[in-house]
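work10.pdb follows; it contains PDB, C-alpha atoms.
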ATOM      1  CA  ALA A   1       0.000   0.000   0.000
ATOM      2  CA  GLN A   2       1.047   3.564  -0.638
ATOM      3  CA  LYS A   3       0.787   6.339   1.875
ATOM      4  CA  ILE A   4       1.601  10.040   1.707
ATOM      5  CA  THR A   5       1.865  12.134   4.842
ATOM      6  CA  GLN A   6       1.812  15.910   4.886
ATOM      7  CA  THR A   7       2.073  17.044   8.474
ATOM      8  CA  GLN A   8       1.551  20.767   7.927
ATOM      9  CA  PRO A   9      -2.127  21.654   7.491
ATOM     10  CA  GLY A  10      -1.232  25.312   7.094
ATOM     11  CA  MET A  11       1.903  27.340   6.521
ATOM     12  CA  PHE A  12       2.649  31.050   6.386
ATOM     13  CA  VAL A  13       5.572  32.661   4.605
ATOM     14  CA  GLN A  14       6.610  36.229   4.018
ATOM     15  CA  GLU A  15       6.694  37.376   0.434
ATOM     16  CA  LYS A  16      10.118  36.875  -1.199
ATOM     17  CA  GLU A  17      11.203  34.329   1.386
ATOM     18  CA  ALA A  18      11.670  30.604   0.837
ATOM     19  CA  VAL A  19       9.382  27.965   2.324
ATOM     20  CA  THR A  20       9.583  24.197   2.668
ATOM     21  CA  LEU A  21       6.496  22.014   2.547
ATOM     22  CA  ASP A  22       7.014  18.601   4.082
ATOM     23  CA  CYS A  23       6.070  15.276   2.555
ATOM     24  CA  THR A  24       6.917  11.760   3.654
ATOM     25  CA  TYR A  25       5.823   8.626   1.903
ATOM     26  CA  ASP A  26       5.636   4.913   2.336
ATOM     27  CA  THR A  27       5.547   2.310  -0.374
ATOM     28  CA  SER A  28       6.748  -1.183  -1.142
ATOM     29  CA  ASP A  29       7.146  -0.351  -4.816
ATOM     30  CA  PRO A  30      10.755  -0.421  -6.011
ATOM     31  CA  SER A  31       9.846   2.091  -8.700
ATOM     32  CA  TYR A  32       7.635   5.087  -8.104
ATOM     33  CA  GLY A  33       7.109   8.704  -8.970
ATOM     34  CA  LEU A  34       6.628  11.583  -6.579
ATOM     35  CA  PHE A  35       4.763  14.739  -7.501
ATOM     36  CA  TRP A  36       3.739  18.061  -6.157
ATOM     37  CA  TYR A  37       0.598  19.813  -7.299
ATOM     38  CA  LYS A  38      -0.732  23.276  -6.539
ATOM     39  CA  GLN A  39      -4.455  23.787  -6.187
ATOM     40  CA  PRO A  40      -5.599  27.429  -6.079
ATOM     41  CA  SER A  41      -9.093  28.377  -5.012
ATOM     42  CA  SER A  42     -10.324  27.844  -8.569
ATOM     43  CA  GLY A  43      -9.849  24.105  -8.027
ATOM     44  CA  GLU A  44      -7.599  23.163 -10.911
ATOM     45  CA  MET A  45      -4.643  20.940 -10.125
ATOM     46  CA  ILE A  46      -1.433  22.487 -11.397
ATOM     47  CA  PHE A  47       1.545  20.195 -11.790
ATOM     48  CA  LEU A  48       4.679  21.659 -10.227
ATOM     49  CA  ILE A  49       7.443  19.104 -10.104
ATOM     50  CA  TYR A  50       8.240  15.417 -10.476
ATOM     51  CA  GLN A  51      10.854  13.136  -8.936
ATOM     52  CA  GLY A  52      11.427   9.585 -10.068
ATOM     53  CA  SER A  53      12.540   7.096  -7.471
ATOM     54  CA  TYR A  54      15.662   6.271  -9.450
ATOM     55  CA  ASP A  55      16.592   9.853 -10.245
ATOM     56  CA  GLN A  56      19.993  10.647  -8.827
ATOM     57  CA  GLN A  57      19.542  14.374  -8.685
ATOM     58  CA  ASN A  58      16.876  16.417  -6.975
ATOM     59  CA  ALA A  59      14.322  17.821  -9.379
ATOM     60  CA  THR A  60      14.106  21.554  -9.976
ATOM     61  CA  GLU A  61      11.573  23.603 -11.938
ATOM     62  CA  GLY A  62      12.112  27.322 -11.764
ATOM     63  CA  ARG A  63      11.386  28.447  -8.211
ATOM     64  CA  TYR A  64      10.407  24.940  -7.190
ATOM     65  CA  SER A  65      12.822  22.275  -6.052
ATOM     66  CA  LEU A  66      12.216  18.887  -4.539
ATOM     67  CA  ASN A  67      14.425  17.788  -1.683
ATOM     68  CA  PHE A  68      14.383  14.039  -2.240
ATOM     69  CA  GLN A  69      15.825  11.898   0.525
ATOM     70  CA  LYS A  70      15.101   8.340  -0.459
ATOM     71  CA  ALA A  71      16.452   6.662   2.650
ATOM     72  CA  ARG A  72      14.240   8.852   4.808
ATOM     73  CA  LYS A  73      11.332   8.536   2.368
ATOM     74  CA  SER A  74      10.842  12.231   2.203
ATOM     75  CA  ALA A  75      10.122  14.507  -0.746
ATOM     76  CA  ASN A  76       9.863  18.035   0.533
ATOM     77  CA  LEU A  77       8.955  20.903  -1.769
ATOM     78  CA  VAL A  78      10.997  24.068  -1.544
ATOM     79  CA  ILE A  79       9.544  27.259  -2.992
ATOM     80  CA  SER A  80      12.057  30.042  -3.293
ATOM     81  CA  ALA A  81      11.264  33.751  -3.445
ATOM     82  CA  SER A  82       7.596  33.297  -2.524
ATOM     83  CA  GLN A  83       5.033  35.351  -4.368
ATOM     84  CA  LEU A  84       1.517  36.320  -3.376
ATOM     85  CA  GLY A  85       0.238  34.107  -6.180
ATOM     86  CA  ASP A  86       1.780  31.095  -4.483
ATOM     87  CA  SER A  87      -0.986  31.148  -1.887
ATOM     88  CA  ALA A  88      -2.847  27.904  -2.508
ATOM     89  CA  MET A  89      -3.220  24.348  -1.331
ATOM     90  CA  TYR A  90      -0.298  22.064  -2.137
ATOM     91  CA  PHE A  91      -0.552  18.316  -2.517
ATOM     92  CA  CYS A  92       2.194  15.750  -2.484
ATOM     93  CA  ALA A  93       1.368  12.607  -4.450
ATOM     94  CA  MET A  94       2.900   9.400  -5.649
ATOM     95  CA  ARG A  95       2.295   6.732  -8.262
ATOM     96  CA  GLY A  96       3.703   3.231  -8.341
ATOM     97  CA  ASN A  97       3.727   0.264 -10.672
ATOM     98  CA  THR A  98       2.185  -2.245  -8.314
ATOM     99  CA  ASN A  99      -0.800  -0.025  -7.667
ATOM    100  CA  ALA A 100      -1.826  -0.047 -11.331
ATOM    101  CA  GLY A 101      -0.651   3.507 -11.699
ATOM    102  CA  LYS A 102      -3.144   4.888  -9.208
ATOM    103  CA  SER A 103      -2.053   8.003  -7.437
ATOM    104  CA  THR A 104      -2.078   8.537  -3.701
ATOM    105  CA  PHE A 105      -2.389  12.055  -2.352
ATOM    106  CA  GLY A 106      -1.487  13.587   0.951
ATOM    107  CA  ASP A 107      -3.967  15.677   2.903
ATOM    108  CA  GLY A 108      -2.458  18.869   1.558
ATOM    109  CA  THR A 109      -0.858  21.992   2.994
ATOM    110  CA  THR A 110      -2.480  25.390   2.703
ATOM    111  CA  LEU A 111       0.192  27.969   2.048
ATOM    112  CA  THR A 112      -0.462  31.626   2.683
ATOM    113  CA  VAL A 113       2.047  34.191   1.448
ATOM    114  CA  LYS A 114       2.003  37.409   3.427
ATOM    115  CA  PRO A 115       2.829  40.736   1.771
TER     116      PRO A 115
ATOM    117  CA  GLY B 116      -2.179  24.735 -22.620
ATOM    118  CA  ALA B 117      -4.508  22.203 -21.090
ATOM    119  CA  VAL B 118      -3.991  18.615 -22.133
ATOM    120  CA  VAL B 119      -7.051  17.304 -20.307
ATOM    121  CA  SER B 120     -10.342  19.140 -20.560
ATOM    122  CA  GLN B 121     -13.293  18.617 -18.268
ATOM    123  CA  HIS B 122     -16.820  19.833 -18.824
ATOM    124  CA  PRO B 123     -18.917  21.307 -17.336
ATOM    125  CA  SER B 124     -17.002  23.381 -14.818
ATOM    126  CA  TRP B 125     -20.114  24.112 -12.800
ATOM    127  CA  VAL B 126     -23.427  22.332 -12.675
ATOM    128  CA  ILE B 127     -26.469  22.845 -10.515
ATOM    129  CA  CYS B 128     -29.224  20.280 -10.661
ATOM    130  CA  LYS B 129     -32.351  19.243  -8.857
ATOM    131  CA  SER B 130     -32.407  16.254  -6.568
ATOM    132  CA  GLY B 131     -33.258  13.079  -8.444
ATOM    133  CA  THR B 132     -31.823  14.108 -11.775
ATOM    134  CA  SER B 133     -28.702  12.715 -13.427
ATOM    135  CA  VAL B 134     -25.631  14.704 -14.324
ATOM    136  CA  LYS B 135     -22.940  13.788 -16.845
ATOM    137  CA  ILE B 136     -19.382  15.078 -16.605
ATOM    138  CA  GLU B 137     -16.989  14.667 -19.508
ATOM    139  CA  CYS B 138     -13.226  14.287 -19.410
ATOM    140  CA  ARG B 139     -11.276  14.548 -22.645
ATOM    141  CA  SER B 140      -7.611  14.117 -23.403
ATOM    142  CA  LEU B 141      -6.813  16.782 -25.984
ATOM    143  CA  ASP B 142      -3.622  15.795 -27.707
ATOM    144  CA  PHE B 143      -2.987  12.260 -26.598
ATOM    145  CA  GLN B 144      -4.785   8.973 -26.230
ATOM    146  CA  ALA B 145      -5.665   7.893 -22.735
ATOM    147  CA  THR B 146      -6.486   4.247 -22.243
ATOM    148  CA  THR B 147      -6.826   4.974 -18.546
ATOM    149  CA  MET B 148      -8.390   7.887 -16.744
ATOM    150  CA  PHE B 149      -8.932   8.412 -13.045
ATOM    151  CA  TRP B 150     -11.921  10.043 -11.392
ATOM    152  CA  TYR B 151     -11.658  11.754  -8.024
ATOM    153  CA  ARG B 152     -13.975  13.435  -5.610
ATOM    154  CA  GLN B 153     -12.876  16.258  -3.366
ATOM    155  CA  PHE B 154     -14.648  17.850  -0.423
ATOM    156  CA  PRO B 155     -13.730  21.393   0.649
ATOM    157  CA  LYS B 156     -10.312  21.702   2.253
ATOM    158  CA  GLN B 157      -9.720  17.983   1.864
ATOM    159  CA  SER B 158      -7.594  15.747  -0.295
ATOM    160  CA  LEU B 159      -8.555  14.044  -3.532
ATOM    161  CA  MET B 160     -10.317  10.745  -3.060
ATOM    162  CA  LEU B 161      -9.953   8.285  -5.910
ATOM    163  CA  MET B 162     -13.360   7.020  -6.953
ATOM    164  CA  ALA B 163     -12.587   4.805  -9.905
ATOM    165  CA  THR B 164     -10.252   3.966 -12.743
ATOM    166  CA  SER B 165     -11.786   4.312 -16.166
ATOM    167  CA  ASN B 166     -10.506   1.830 -18.738
ATOM    168  CA  GLU B 167     -11.065   2.195 -22.468
ATOM    169  CA  GLY B 168     -12.823  -0.846 -23.826
ATOM    170  CA  SER B 169     -13.586  -2.427 -20.483
ATOM    171  CA  LYS B 170     -15.456  -1.819 -17.259
ATOM    172  CA  ALA B 171     -14.294   0.761 -14.812
ATOM    173  CA  THR B 172     -12.614  -0.341 -11.619
ATOM    174  CA  TYR B 173     -14.213   1.220  -8.570
ATOM    175  CA  GLU B 174     -12.584   1.894  -5.239
ATOM    176  CA  GLN B 175     -13.995   0.325  -2.143
ATOM    177  CA  GLY B 176     -17.088   2.081  -0.902
ATOM    178  CA  VAL B 177     -17.937   3.799  -4.198
ATOM    179  CA  GLU B 178     -21.359   2.882  -5.525
ATOM    180  CA  LYS B 179     -21.093   1.631  -9.081
ATOM    181  CA  ASP B 180     -24.745   2.236  -9.823
ATOM    182  CA  LYS B 181     -24.592   5.767  -8.479
ATOM    183  CA  PHE B 182     -21.463   6.811 -10.319
ATOM    184  CA  LEU B 183     -21.543   5.396 -13.822
ATOM    185  CA  ILE B 184     -18.303   5.599 -15.744
ATOM    186  CA  ASN B 185     -17.997   5.053 -19.462
ATOM    187  CA  HIS B 186     -14.729   5.213 -21.373
ATOM    188  CA  ALA B 187     -16.224   5.624 -24.823
ATOM    189  CA  SER B 188     -13.041   6.265 -26.767
ATOM    190  CA  LEU B 189      -9.339   6.746 -26.316
ATOM    191  CA  THR B 190      -9.912  10.434 -25.618
ATOM    192  CA  LEU B 191     -13.170  10.529 -23.693
ATOM    193  CA  SER B 192     -14.350   9.276 -20.327
ATOM    194  CA  THR B 193     -17.643  10.267 -18.730
ATOM    195  CA  LEU B 194     -18.871  10.186 -15.167
ATOM    196  CA  THR B 195     -22.626  10.179 -14.682
ATOM    197  CA  VAL B 196     -24.004  10.864 -11.237
ATOM    198  CA  THR B 197     -27.364   9.142 -11.299
ATOM    199  CA  SER B 198     -30.348  10.222  -9.241
ATOM    200  CA  ALA B 199     -28.274  12.907  -7.626
ATOM    201  CA  HIS B 200     -28.936  13.964  -4.060
ATOM    202  CA  PRO B 201     -27.563  16.864  -2.032
ATOM    203  CA  GLU B 202     -24.930  14.615  -0.456
ATOM    204  CA  ASP B 203     -23.478  14.088  -3.940
ATOM    205  CA  SER B 204     -22.599  17.772  -4.095
ATOM    206  CA  SER B 205     -18.856  17.925  -4.436
ATOM    207  CA  PHE B 206     -15.919  18.773  -6.671
ATOM    208  CA  TYR B 207     -15.209  16.043  -9.191
ATOM    209  CA  ILE B 208     -11.939  15.973 -11.089
ATOM    210  CA  CYS B 209     -10.449  13.627 -13.642
ATOM    211  CA  SER B 210      -6.878  12.875 -14.593
ATOM    212  CA  ALA B 211      -5.025  10.911 -17.215
ATOM    213  CA  PRO B 212      -1.461   9.732 -17.657
ATOM    214  CA  LYS B 213      -0.110  10.960 -20.949
ATOM    215  CA  SER B 214       2.131   8.036 -21.702
ATOM    216  CA  GLY B 215       4.756   5.790 -20.353
ATOM    217  CA  PRO B 216       5.024   3.998 -17.056
ATOM    218  CA  ASN B 217       2.658   3.911 -14.152
ATOM    219  CA  THR B 218       4.984   6.248 -12.336
ATOM    220  CA  GLY B 219       4.671   9.185 -14.705
ATOM    221  CA  GLU B 220       2.883  12.483 -14.448
ATOM    222  CA  LEU B 221      -0.894  12.722 -14.320
ATOM    223  CA  PHE B 222      -2.624  15.528 -16.162
ATOM    224  CA  PHE B 223      -5.757  16.874 -14.548
ATOM    225  CA  GLY B 224      -8.920  18.340 -15.928
ATOM    226  CA  GLU B 225     -10.186  21.643 -14.622
ATOM    227  CA  GLY B 226     -12.668  19.953 -12.305
ATOM    228  CA  SER B 227     -16.449  20.075 -12.106
ATOM    229  CA  ARG B 228     -18.294  21.541  -9.170
ATOM    230  CA  LEU B 229     -21.638  19.823  -8.668
ATOM    231  CA  THR B 230     -24.369  21.320  -6.522
ATOM    232  CA  VAL B 231     -27.508  19.277  -6.015
ATOM    233  CA  LEU B 232     -30.478  21.241  -4.717
TER     234      LEU B 232
END

Could I get this structure in the form of structure tokens?
Amino acid sequence: AQKITQTQPGMFVQEKEAVTLDCTYDTSDPSYGLFWYKQPSSGEMIFLIYQGSYDQQNATEGRYSLNFQKARKSANLVISASQLGDSAMYFCAMRGNTNAGKSTFGDGTTLTVKP
Amino acid sequence: GAVVSQHPSWVICKSGTSVKIECRSLDFQATTMFWYRQFPKQSLMLMATSNEGSKATYEQGVEKDKFLINHASLTLSTLTVTSAHPEDSSFYICSAPKSGPNTGELFFGEGSRLTVL
């Protein structure tokens, strides 16, 4: 079974500062993918970043980077230089081969960027 | 641009009526699509896996007769909420993997907000 844990229901960050959103996971799959999605109040799920379980380097996409620590089963999202538009709910998710490609989502973290 | 399109974005219906939500992959073929339900401030709950050419696979606790899923073609899956009641009011969202392994990225539709009066 797959499990995603996001322990931060809500986070606040000052504009222009960096913030880390925590995500830990559990799976018996040898091969899996980890994702972060942003969900603004409009409801759409916006893909931010992807990390494959066999990727040697941490993924980066613009202001987003994923701090992947495989031994600790953590995949934290780092947002640098926060902007007001970053205020949204953020979900960590994973997919694995043995789960027929189904995705498992964490409970989400609501990020609020303060001006 | 969007690679998965969902329609309608908003729907309000009377109790007892049926509502159909469409999910289309725009520039790729999707043999599999996933349907989720989301309550306010909560996570996405997987309802079912839609399979082109075969029956959908439902998650435990999801009523098959209430939530009918049809994967009519390689680019279209539909979710029909039958005999809707107020407790069916929710945000429904679909997703599809574009290609490749079961570990790859999922592309999401815009979501459909259903309100049953």

Any idea which chain A residues end up within 7 Å of chain B if we count all atoms listed in the file, as a PyMOL selection string please?
-> chain A and resi 32-33+43-45+95-97+100-101+105-108

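Between atom CA of Phe91 of chain A and atom CA of Gln6 of chain A the separation is 8.1 Å.
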
List as an mmCIF file with C-alpha atoms, keeping the file's coordinate frame the protein and nucleic acid residues near segment 135-143 of chain B, meaning an atom at most 9 Å away when all atoms listed in the file are counted, but skip any in the same chain fewer than 6 places from it.
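The resulting around-v5.cif:
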data_model
loop_
_atom_site.group_PDB
_atom_site.id
_atom_site.type_symbol
_atom_site.label_atom_id
_atom_site.label_comp_id
_atom_site.auth_asym_id
_atom_site.auth_seq_id
_atom_site.Cartn_x
_atom_site.Cartn_y
_atom_site.Cartn_z
ATOM 1 C CA ALA B 117 -4.508 22.203 -21.090
ATOM 2 C CA VAL B 118 -3.991 18.615 -22.133
ATOM 3 C CA VAL B 119 -7.051 17.304 -20.307
ATOM 4 C CA SER B 120 -10.342 19.140 -20.560
ATOM 5 C CA GLN B 121 -13.293 18.617 -18.268
ATOM 6 C CA HIS B 122 -16.820 19.833 -18.824
ATOM 7 C CA PRO B 123 -18.917 21.307 -17.336
ATOM 8 C CA SER B 124 -17.002 23.381 -14.818
ATOM 9 C CA LEU B 189 -9.339 6.746 -26.316
ATOM 10 C CA THR B 190 -9.912 10.434 -25.618
ATOM 11 C CA LEU B 191 -13.170 10.529 -23.693
ATOM 12 C CA SER B 192 -14.350 9.276 -20.327
ATOM 13 C CA THR B 193 -17.643 10.267 -18.730
ATOM 14 C CA LEU B 194 -18.871 10.186 -15.167
ATOM 15 C CA THR B 195 -22.626 10.179 -14.682
ATOM 16 C CA VAL B 196 -24.004 10.864 -11.237
ATOM 17 C CA THR B 197 -27.364 9.142 -11.299
ATOM 18 C CA TYR B 207 -15.209 16.043 -9.191
ATOM 19 C CA ILE B 208 -11.939 15.973 -11.089
ATOM 20 C CA CYS B 209 -10.449 13.627 -13.642
ATOM 21 C CA SER B 210 -6.878 12.875 -14.593
ATOM 22 C CA ALA B 211 -5.025 10.911 -17.215
ATOM 23 C CA LYS B 213 -0.110 10.960 -20.949
ATOM 24 C CA SER B 214 2.131 8.036 -21.702
ATOM 25 C CA PHE B 222 -2.624 15.528 -16.162
ATOM 26 C CA GLY B 224 -8.920 18.340 -15.928
ATOM 27 C CA SER B 227 -16.449 20.075 -12.106
#

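Here the question is which of B:Asn166, B:Ser130, B:His186, B:Trp125 gets nearest to Leu232 of chain B using all atoms listed in the file, and that residue is B:Ser130.
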
Can you tell me how far atom CA of Glu15 of chain A sits from atom CA of Ala59 of chain A, in Å to one decimal?
->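 Atom CA of Ala59 of chain A lies 23.2 Å from atom CA of Glu15 of chain A.
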
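A straight line drawn from atom CA of Pro30 of chain A to atom CA of Thr60 of chain A is 22.6 Å long.
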
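The closest residue to Tyr173 of chain B, picked from B:Cys128, B:Ala145, B:Trp150, B:Ser205 and counting all atoms listed in the file, is B:Trp150.
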
Spatial neighbours of Leu66 of chain A, 9 Å, all atoms listed in the file, chain gap at least 5 places, as a list in words =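 Using all atoms listed in the file, the neighbours found are Trp36, Ile49, Tyr50, Gln51, Asn58, Ala59, Thr60, Glu61, Ala75, Asn76, Leu77, Val78 and Ile79 of chain A.
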
Output the selection as a short mmCIF file (atom, residue, chain, number, x, y, z; two decimals), keeping the file's coordinate frame - C-alpha atoms for each residue.
data_model
loop_
_atom_site.label_atom_id
_atom_site.label_comp_id
_atom_site.auth_asym_id
_atom_site.auth_seq_id
_atom_site.Cartn_x
_atom_site.Cartn_y
_atom_site.Cartn_z
CA TRP A 36 3.74 18.06 -6.16
CA ILE A 49 7.44 19.10 -10.10
CA TYR A 50 8.24 15.42 -10.48
CA GLN A 51 10.85 13.14 -8.94
CA ASN A 58 16.88 16.42 -6.98
CA ALA A 59 14.32 17.82 -9.38
CA THR A 60 14.11 21.55 -9.98
CA GLU A 61 11.57 23.60 -11.94
CA ALA A 75 10.12 14.51 -0.75
CA ASN A 76 9.86 18.04 0.53
CA LEU A 77 8.96 20.90 -1.77
CA VAL A 78 11.00 24.07 -1.54
CA ILE A 79 9.54 27.26 -2.99
#

Report as a list in words the full result of the PyMOL selection byres ((chain A and resi 37-40) around 9) when it is applied to this structure.
->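 Those residues are Phe35, Trp36, Ser41, Ser42, Gly43, Glu44, Met45, Ile46, Phe47, Leu48, Ile49, Gly85, Asp86, Ser87, Ala88, Met89, Tyr90, Phe91, Cys92 and Ala93 of chain A.
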
Could you dump the residues just selected with C-alpha atoms as a PDB file, in the coordinates of the input?
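Saved to selection-v6.pdb:
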ATOM      1  CA  PHE A  35       4.763  14.739  -7.501  1.00  0.00           C
ATOM      2  CA  TRP A  36       3.739  18.061  -6.157  1.00  0.00           C
ATOM      3  CA  SER A  41      -9.093  28.377  -5.012  1.00  0.00           C
ATOM      4  CA  SER A  42     -10.324  27.844  -8.569  1.00  0.00           C
ATOM      5  CA  GLY A  43      -9.849  24.105  -8.027  1.00  0.00           C
ATOM      6  CA  GLU A  44      -7.599  23.163 -10.911  1.00  0.00           C
ATOM      7  CA  MET A  45      -4.643  20.940 -10.125  1.00  0.00           C
ATOM      8  CA  ILE A  46      -1.433  22.487 -11.397  1.00  0.00           C
ATOM      9  CA  PHE A  47       1.545  20.195 -11.790  1.00  0.00           C
ATOM     10  CA  LEU A  48       4.679  21.659 -10.227  1.00  0.00           C
ATOM     11  CA  ILE A  49       7.443  19.104 -10.104  1.00  0.00           C
ATOM     12  CA  GLY A  85       0.238  34.107  -6.180  1.00  0.00           C
ATOM     13  CA  ASP A  86       1.780  31.095  -4.483  1.00  0.00           C
ATOM     14  CA  SER A  87      -0.986  31.148  -1.887  1.00  0.00           C
ATOM     15  CA  ALA A  88      -2.847  27.904  -2.508  1.00  0.00           C
ATOM     16  CA  MET A  89      -3.220  24.348  -1.331  1.00  0.00           C
ATOM     17  CA  TYR A  90      -0.298  22.064  -2.137  1.00  0.00           C
ATOM     18  CA  PHE A  91      -0.552  18.316  -2.517  1.00  0.00           C
ATOM     19  CA  CYS A  92       2.194  15.750  -2.484  1.00  0.00           C
ATOM     20  CA  ALA A  93       1.368  12.607  -4.450  1.00  0.00           C
TER      21      ALA A  93
END

For Ile4 of chain A, which of A:Val113, A:Val19, A:Ala81, A:Met94 is the closest residue, counting all atoms listed in the file?
-> A:Met94

To verify the selection step, state as a ChimeraX atom specification which residues the PyMOL selection byres ((chain B and resi 201) around 9) yields on this input.
-> /B:129-130,199-200,202-204,230-232

Go ahead and dump the residues you just picked, C-alpha atoms, as a CSV table (one decimal), keeping the file's coordinate frame.
chain,number,residue,atom,x,y,z
B,129,LYS,CA,-32.4,19.2,-8.9
B,130,SER,CA,-32.4,16.3,-6.6
B,199,ALA,CA,-28.3,12.9,-7.6
B,200,HIS,CA,-28.9,14.0,-4.1
B,202,GLU,CA,-24.9,14.6,-0.5
B,203,ASP,CA,-23.5,14.1,-3.9
B,204,SER,CA,-22.6,17.8,-4.1
B,230,THR,CA,-24.4,21.3,-6.5
B,231,VAL,CA,-27.5,19.3,-6.0
B,232,LEU,CA,-30.5,21.2,-4.7

All file atoms of segment 139-146 of chain B boxed axis-aligned, 4 Å per side, centre plus edges, as lines of an AutoDock Vina configuration file:
center_x = -7.1
center_y = 10.5
center_z = -25.0
size_x = 16.3
size_y = 20.5
size_z = 13.5

Convert the output of the PyMOL selection byres ((chain A and resi 13) around 10) on the shown file into explicit residues, formatted as a list of chain:residue names.
-> A:Met11, A:Phe12, A:Gln14, A:Glu15, A:Lys16, A:Glu17, A:Ala18, A:Val19, A:Thr20, A:Ala81, A:Ser82, A:Gln83, A:Leu84, A:Asp86, A:Ser87, A:Leu111, A:Thr112, A:Val113, A:Lys114, A:Pro115

Just segment 181-194 of chain B, please, as a compact mmCIF listing (two decimals), in the first residue's frame (only N, CA and C atoms).
# COMPACT_ATOMS: atom_id res chain seq x y z
N LYS B 181 -24.40 4.34 -8.70
CA LYS B 181 -24.59 5.77 -8.48
C LYS B 181 -23.67 6.56 -9.40
N PHE B 182 -22.46 6.11 -9.53
CA PHE B 182 -21.46 6.81 -10.32
C PHE B 182 -21.08 5.94 -11.51
N LEU B 183 -21.77 6.19 -12.62
CA LEU B 183 -21.54 5.40 -13.82
C LEU B 183 -20.39 5.99 -14.62
N ILE B 184 -19.46 5.15 -14.98
CA ILE B 184 -18.30 5.60 -15.74
C ILE B 184 -18.25 4.84 -17.05
N ASN B 185 -18.08 5.62 -18.13
CA ASN B 185 -18.00 5.05 -19.46
C ASN B 185 -16.78 5.64 -20.17
N HIS B 186 -15.92 4.77 -20.65
CA HIS B 186 -14.73 5.21 -21.37
C HIS B 186 -14.99 4.93 -22.84
N ALA B 187 -15.66 5.86 -23.50
CA ALA B 187 -16.22 5.62 -24.82
C ALA B 187 -15.17 5.54 -25.92
N SER B 188 -14.09 6.26 -25.74
CA SER B 188 -13.04 6.26 -26.77
C SER B 188 -11.71 6.51 -26.09
N LEU B 189 -10.67 6.55 -26.88
CA LEU B 189 -9.34 6.75 -26.32
C LEU B 189 -9.10 8.17 -25.84
N THR B 190 -10.08 9.05 -26.06
CA THR B 190 -9.91 10.43 -25.62
C THR B 190 -11.06 10.92 -24.74
N LEU B 191 -12.00 10.06 -24.44
CA LEU B 191 -13.17 10.53 -23.69
C LEU B 191 -13.59 9.53 -22.63
N SER B 192 -13.74 10.04 -21.42
CA SER B 192 -14.35 9.28 -20.33
C SER B 192 -15.45 10.14 -19.72
N THR B 193 -16.55 9.52 -19.35
CA THR B 193 -17.64 10.27 -18.73
C THR B 193 -18.00 9.67 -17.39
N LEU B 194 -18.36 10.57 -16.49
CA LEU B 194 -18.87 10.19 -15.17
C LEU B 194 -20.30 10.69 -15.08
